[in-house]
$ cat coords02.cif   # mmCIF, C-alpha atoms
data_query
#
loop_
_atom_site.label_atom_id
_atom_site.label_comp_id
_atom_site.auth_asym_id
_atom_site.auth_seq_id
_atom_site.Cartn_x
_atom_site.Cartn_y
_atom_site.Cartn_z
CA MET A 1 -9.57 -86.24 37.34
CA ALA A 2 -11.08 -87.38 34.04
CA SER A 3 -9.28 -90.18 32.21
CA HIS A 4 -9.71 -88.39 28.88
CA ILE A 5 -8.41 -84.85 29.04
CA LEU A 6 -9.07 -82.81 25.92
CA GLY A 7 -6.04 -81.53 24.04
CA VAL A 8 -3.73 -81.24 27.04
CA PRO A 9 -0.26 -82.85 26.93
CA GLN A 10 0.51 -85.50 29.52
CA TRP A 11 3.04 -83.37 31.40
CA ALA A 12 0.42 -80.68 32.13
CA ARG A 13 -2.57 -82.83 33.00
CA GLY A 14 -3.79 -82.40 36.53
CA ARG A 15 -1.24 -79.64 37.23
CA ILE A 16 -2.74 -76.54 35.59
CA ILE A 17 -3.80 -73.64 37.83
CA ASP A 18 -6.51 -71.25 36.66
CA VAL A 19 -6.15 -67.86 38.39
CA HIS A 20 -9.39 -66.37 37.01
CA CYS A 21 -12.59 -68.29 37.48
CA HIS A 22 -16.12 -67.59 38.73
CA ILE A 23 -18.80 -69.66 40.37
CA GLY A 24 -22.48 -68.80 40.27
CA VAL A 25 -25.09 -67.96 37.67
CA ASP A 26 -25.51 -64.97 35.40
CA GLN A 27 -29.03 -64.70 34.03
CA ARG A 28 -28.01 -61.99 31.57
CA PHE A 29 -26.17 -64.64 29.54
CA LEU A 30 -28.12 -67.71 30.74
CA LEU A 31 -24.89 -69.01 32.28
CA ASP A 32 -24.81 -71.76 34.87
CA GLY A 33 -21.50 -71.60 36.71
CA SER A 34 -22.47 -73.82 39.63
CA MET A 35 -19.47 -75.13 41.51
CA ASP A 36 -20.19 -78.70 40.37
CA ARG A 37 -20.24 -77.70 36.70
CA VAL A 38 -17.03 -75.71 37.08
CA VAL A 39 -15.25 -78.68 38.66
CA ASN A 40 -16.49 -80.94 35.86
CA ALA A 41 -15.04 -78.52 33.31
CA MET A 42 -11.75 -78.40 35.23
CA ASP A 43 -11.56 -82.19 35.16
CA ARG A 44 -12.34 -82.25 31.45
CA TYR A 45 -9.32 -80.06 30.69
CA GLY A 46 -6.86 -81.22 33.34
CA ILE A 47 -7.09 -78.12 35.51
CA ALA A 48 -6.01 -78.96 39.06
CA LYS A 49 -7.02 -75.77 40.88
CA ALA A 50 -8.95 -72.59 40.17
CA ALA A 51 -8.92 -69.25 41.97
CA ILE A 52 -12.56 -68.24 42.25
CA SER A 53 -14.78 -65.30 43.00
CA SER A 54 -18.58 -65.43 42.89
CA THR A 55 -20.97 -63.81 40.45
CA LEU A 56 -23.01 -62.90 43.54
CA SER A 57 -20.26 -60.44 44.45
CA LEU A 58 -20.54 -58.67 41.11
CA LEU A 59 -24.30 -58.78 40.59
CA TYR A 60 -25.71 -58.69 44.13
CA ASP A 61 -23.68 -58.35 47.34
CA PHE A 62 -19.93 -58.78 47.63
CA ARG A 63 -20.19 -60.22 51.14
CA GLU A 64 -22.72 -62.87 50.08
CA GLY A 65 -20.44 -63.71 47.18
CA ASN A 66 -17.51 -64.25 49.52
CA ARG A 67 -19.58 -66.65 51.64
CA HIS A 68 -20.44 -68.51 48.43
CA VAL A 69 -16.74 -68.80 47.66
CA TYR A 70 -15.99 -70.09 51.15
CA GLU A 71 -18.66 -72.79 50.76
CA ALA A 72 -17.11 -73.90 47.47
CA VAL A 73 -13.59 -74.02 48.91
CA ARG A 74 -14.85 -76.20 51.78
CA LYS A 75 -16.91 -78.48 49.54
CA TYR A 76 -14.12 -79.03 47.03
CA ALA A 77 -11.06 -78.99 49.27
CA GLY A 78 -7.89 -78.65 47.24
CA ARG A 79 -9.64 -77.67 44.00
CA PHE A 80 -10.67 -74.07 44.65
CA ILE A 81 -8.59 -71.13 45.87
CA GLY A 82 -10.73 -68.37 47.36
CA LEU A 83 -10.51 -64.76 46.19
CA ALA A 84 -12.18 -62.09 48.31
CA ALA A 85 -14.26 -59.71 46.22
CA ILE A 86 -14.11 -56.30 47.90
CA ASN A 87 -16.22 -53.27 47.00
CA PRO A 88 -14.24 -50.15 48.03
CA LEU A 89 -17.36 -47.97 48.12
CA TYR A 90 -18.26 -49.56 51.45
CA VAL A 91 -15.07 -48.15 53.03
CA ASN A 92 -14.70 -49.44 56.63
CA GLU A 93 -17.07 -52.34 56.04
CA ALA A 94 -14.98 -53.33 53.03
CA LEU A 95 -11.80 -53.35 55.13
CA ARG A 96 -13.45 -55.50 57.80
CA GLU A 97 -14.65 -57.92 55.15
CA LEU A 98 -11.20 -58.09 53.58
CA LYS A 99 -9.45 -58.86 56.86
CA HIS A 100 -12.05 -61.49 57.75
CA CYS A 101 -11.80 -63.21 54.35
CA ILE A 102 -8.01 -63.41 54.39
CA SER A 103 -7.27 -63.92 58.08
CA SER A 104 -10.26 -66.05 59.12
CA LEU A 105 -11.57 -67.70 55.93
CA GLY A 106 -8.16 -68.40 54.39
CA MET A 107 -8.67 -66.67 51.05
CA LYS A 108 -5.52 -66.09 49.02
CA GLY A 109 -6.17 -62.92 47.01
CA ILE A 110 -8.41 -59.92 46.39
CA LYS A 111 -10.70 -59.33 43.42
CA LEU A 112 -11.42 -55.74 42.34
CA HIS A 113 -13.79 -55.10 39.45
CA PRO A 114 -13.84 -51.38 38.53
CA ASP A 115 -16.75 -51.78 36.09
CA TYR A 116 -19.17 -53.62 38.38
CA PHE A 117 -18.18 -51.82 41.57
CA GLY A 118 -18.23 -48.43 39.86
CA ILE A 119 -14.84 -47.28 41.14
CA LYS A 120 -11.39 -47.44 39.59
CA ALA A 121 -8.65 -49.35 41.39
CA SER A 122 -6.56 -46.17 41.34
CA HIS A 123 -9.21 -44.12 43.19
CA PRO A 124 -8.12 -42.79 46.62
CA LEU A 125 -10.94 -44.74 48.33
CA VAL A 126 -9.24 -47.98 47.25
CA GLU A 127 -5.86 -47.13 48.77
CA PRO A 128 -6.61 -48.55 52.27
CA ILE A 129 -7.56 -51.86 50.64
CA LEU A 130 -4.32 -51.93 48.66
CA GLU A 131 -2.33 -51.09 51.76
CA MET A 132 -4.02 -53.91 53.66
CA ALA A 133 -3.26 -56.29 50.78
CA ILE A 134 0.44 -55.51 51.19
CA GLU A 135 0.17 -55.95 54.95
CA LEU A 136 -1.58 -59.33 54.56
CA GLY A 137 0.77 -60.44 51.79
CA VAL A 138 -1.87 -61.25 49.17
CA PRO A 139 -2.14 -60.27 45.49
CA VAL A 140 -4.84 -58.03 44.03
CA MET A 141 -6.61 -59.13 40.86
CA ILE A 142 -7.85 -56.16 38.82
CA HIS A 143 -10.24 -56.49 35.88
CA SER A 144 -8.63 -54.56 33.01
CA TYR A 145 -10.14 -53.78 29.62
CA ASP A 146 -8.63 -50.29 29.43
CA GLY A 147 -5.19 -51.12 28.05
CA GLY A 148 -3.73 -51.27 31.55
CA GLU A 149 -4.24 -47.59 32.39
CA ASP A 150 -5.77 -48.16 35.82
CA VAL A 151 -3.36 -50.96 36.73
CA SER A 152 -0.30 -48.92 35.81
CA LEU A 153 -1.42 -46.08 38.11
CA VAL A 154 -1.80 -48.54 40.99
CA ALA A 155 1.53 -50.24 40.25
CA ASP A 156 3.33 -46.90 40.18
CA LYS A 157 1.96 -45.87 43.57
CA PHE A 158 2.26 -49.28 45.25
CA PRO A 159 5.50 -50.95 44.09
CA ASP A 160 5.33 -53.52 46.90
CA LEU A 161 1.85 -54.72 45.88
CA SER A 162 1.53 -57.91 43.83
CA ILE A 163 -0.96 -57.15 41.02
CA VAL A 164 -2.59 -59.48 38.50
CA MET A 165 -3.98 -57.64 35.49
CA TYR A 166 -6.96 -59.69 34.36
CA HIS A 167 -7.55 -59.93 30.60
CA MET A 168 -4.16 -58.41 29.64
CA GLY A 169 -5.83 -55.04 29.12
CA GLY A 170 -8.61 -56.35 26.85
CA VAL A 171 -8.91 -55.26 23.23
CA ARG A 172 -5.95 -52.93 23.84
CA TRP A 173 -3.77 -55.86 24.95
CA ARG A 174 -0.64 -54.66 23.14
CA GLU A 175 -0.93 -51.32 24.89
CA GLY A 176 -1.56 -53.16 28.16
CA ILE A 177 1.62 -55.21 27.82
CA GLU A 178 3.69 -52.16 26.94
CA ARG A 179 2.16 -50.02 29.68
CA VAL A 180 2.99 -52.43 32.53
CA SER A 181 6.24 -53.82 31.15
CA GLY A 182 8.32 -51.67 33.49
CA TYR A 183 6.50 -52.79 36.64
CA ASP A 184 7.94 -56.03 38.00
CA ASN A 185 5.06 -56.30 40.48
CA VAL A 186 2.46 -56.71 37.70
CA TYR A 187 1.49 -60.08 36.20
CA LEU A 188 -0.72 -60.55 33.15
CA GLU A 189 -3.63 -63.00 33.08
CA ILE A 190 -4.51 -64.21 29.60
CA SER A 191 -8.30 -64.80 29.49
CA SER A 192 -10.17 -62.57 27.09
CA SER A 193 -12.70 -62.68 24.28
CA VAL A 194 -9.84 -61.27 22.19
CA CYS A 195 -7.91 -64.05 20.47
CA ASP A 196 -5.48 -62.27 18.16
CA CYS A 197 -2.69 -64.35 16.71
CA GLY A 198 0.63 -63.75 18.42
CA MET A 199 -0.71 -62.57 21.78
CA MET A 200 1.31 -65.05 23.84
CA GLU A 201 4.44 -64.67 21.77
CA TYR A 202 4.33 -60.89 22.13
CA ALA A 203 3.72 -61.08 25.88
CA VAL A 204 6.53 -63.58 26.44
CA ARG A 205 8.92 -61.52 24.32
CA LYS A 206 8.12 -58.27 26.15
CA LEU A 207 7.73 -59.50 29.74
CA GLY A 208 9.14 -63.01 29.93
CA SER A 209 6.95 -66.02 30.66
CA GLU A 210 7.55 -65.58 34.42
CA ARG A 211 5.02 -62.71 34.50
CA ILE A 212 2.16 -64.38 32.64
CA LEU A 213 -0.63 -66.35 34.32
CA PHE A 214 -3.16 -68.79 32.93
CA GLY A 215 -6.83 -67.97 33.45
CA THR A 216 -10.09 -69.03 31.79
CA ASP A 217 -12.82 -66.65 33.04
CA MET A 218 -15.14 -69.65 33.42
CA PRO A 219 -18.10 -69.85 33.03
CA TYR A 220 -18.01 -66.86 30.67
CA GLN A 221 -15.61 -68.74 28.41
CA ASP A 222 -14.77 -72.38 27.86
CA PRO A 223 -11.24 -73.27 29.08
CA ALA A 224 -10.42 -74.32 25.52
CA VAL A 225 -10.02 -70.66 24.54
CA SER A 226 -7.18 -69.92 26.96
CA LEU A 227 -5.63 -73.37 26.59
CA GLY A 228 -5.55 -72.83 22.83
CA LYS A 229 -3.70 -69.54 23.33
CA VAL A 230 -0.99 -71.28 25.37
CA PHE A 231 -0.60 -74.54 23.45
CA GLY A 232 -1.02 -72.89 20.05
CA ALA A 233 1.66 -70.28 20.70
CA ARG A 234 5.20 -70.54 19.36
CA ILE A 235 6.78 -70.64 22.80
CA SER A 236 8.78 -73.29 24.64
CA ASP A 237 7.35 -75.92 26.96
CA GLU A 238 9.31 -74.23 29.74
CA ASP A 239 7.36 -71.02 29.00
CA ARG A 240 4.11 -72.98 28.97
CA GLU A 241 4.89 -74.56 32.33
CA ASN A 242 5.59 -71.14 33.81
CA ILE A 243 2.30 -69.77 32.49
CA LEU A 244 0.14 -72.76 33.35
CA ILE A 245 1.59 -73.80 36.69
CA LYS A 246 4.71 -72.29 38.23
CA ASN A 247 3.81 -68.61 38.22
CA ALA A 248 0.48 -69.19 39.94
CA ILE A 249 2.20 -71.11 42.72
CA ARG A 250 4.59 -68.22 43.21
CA VAL A 251 1.84 -65.58 43.23
CA LEU A 252 -0.86 -67.41 45.20
CA GLY A 253 1.34 -69.72 47.27
CA LYS A 254 1.09 -73.47 47.77
CA GLU A 255 -2.04 -74.88 49.34
#
$ encode --input "coords02.cif" --output "structure tokens"
Amino acid sequence: MASHILGVPQWARGRIIDVHCHIGVDQRFLLDGSMDRVVNAMDRYGIAKAAISSTLSLLYDFREGNRHVYEAVRKYAGRFIGLAAINPLYVNEALRELKHCISSLGMKGIKLHPDYFGIKASHPLVEPILEMAIELGVPVMIHSYDGGEDVSLVADKFPDLSIVMYHMGGVRWREGIERVSGYDNVYLEISSSVCDCGMMEYAVRKLGSERILFGTDMPYQDPAVSLGKVFGARISDEDRENILIKNAIRVLGKE
């Protein structure tokens, strides 16, 4: 861990858990998210662990992306937590991949991306994957820039499923918070290109800090963006510790 950690209080250094991170490149944005660069960024900001999926899963082949994730978890033991990206359009093959990733490769959660995979998380084709997630006892991370509409439909139908709503619903983050407030099985993840003042305060007031998770969306954003949201908010250090550390341990489990 780097000796100089930018802008992070002593109590949080080397303890922070990022629940939304990517490895891999994205030529559309000239982004280099190689695993080495991601770890260097984690060290720079005092991030102990990051839950990762691969850009290969989104832009090429979800199975190849999962192998990429497994390689990173093995290379950087204790730093990365594997998330299995699953494309529901592949039906039985997707279920086999999911079971293999969780049961054999030791991944700790499932990544669904409705935009890239071209299918909403609430679509009937996705239901077997959600049912298997409950059976395997792992959370499902759902990309959400729709104000939480898709997530709320899933949460209503699967109350026993642990769901992480990536990006807090996006531009419609207030709507997203309100929409999922009644579902105790839904957690909010804070990374987003939206940085409105009062986001964290509103989320903590409506949901409690126990349902909010820290994420960066590296390499698409620098960790400073999400760290600034947490440390710049008018919330208690107890709330910050929940968001940065404790909630992720509860949702993803201890390594």
$ closest_residue --input "coords02.cif" --among "A:Met35, A:Met165, A:Ile52, A:Leu130" --to "A:Asp18" --atoms "all atoms listed in the file"
A:Ile52
$ closest_residue --input "coords02.cif" --among "A:Val171, A:Leu207, A:Ile86, A:Gly198" --to "A:Asn185" --atoms "all atoms listed in the file"
A:Leu207
$ resolve_selection --input "coords02.cif" --expression "the PyMOL selection byres ((chain A and resi 180) around 10)" --output "list in words"
Gly147, Gly148, Glu149, Val151, Ser152, Leu153, Ala155, Asp156, Met165, Met168, Gly169, Glu175, Gly176, Ile177, Glu178, Arg179, Ser181, Gly182, Tyr183, Asp184, Asn185, Val186, Tyr187, Leu188 and Leu207 of chain A
$ resolve_selection --input "coords02.cif" --expression "the PyMOL selection byres ((chain A and resi 67) around 10)" --output "compact mmCIF listing (two decimals) with C-alpha atoms, in the coordinates of the input"
# COMPACT_ATOMS: atom_id res chain seq x y z
CA SER A 53 -14.78 -65.30 43.00
CA SER A 54 -18.58 -65.43 42.89
CA LEU A 56 -23.01 -62.90 43.54
CA SER A 57 -20.26 -60.44 44.45
CA PHE A 62 -19.93 -58.78 47.63
CA ARG A 63 -20.19 -60.22 51.14
CA GLU A 64 -22.72 -62.87 50.08
CA GLY A 65 -20.44 -63.71 47.18
CA ASN A 66 -17.51 -64.25 49.52
CA HIS A 68 -20.44 -68.51 48.43
CA VAL A 69 -16.74 -68.80 47.66
CA TYR A 70 -15.99 -70.09 51.15
CA GLU A 71 -18.66 -72.79 50.76
CA ALA A 72 -17.11 -73.90 47.47
CA VAL A 73 -13.59 -74.02 48.91
CA GLY A 82 -10.73 -68.37 47.36
CA ALA A 84 -12.18 -62.09 48.31
CA CYS A 101 -11.80 -63.21 54.35
CA LEU A 105 -11.57 -67.70 55.93
$ resolve_selection --input "coords02.cif" --expression "the PyMOL selection byres ((chain A and resi 242-244) around 7)" --output "list in words"
Ile16, Ile17, Ser209, Glu210, Ile212, Leu213, Phe214, Glu238, Asp239, Arg240, Glu241, Ile245, Lys246 and Asn247 of chain A
$ atom_distance --input "coords02.cif" --atom1 "atom CA of A:Cys21" --atom2 "atom CA of A:Lys157"
27.4 Å
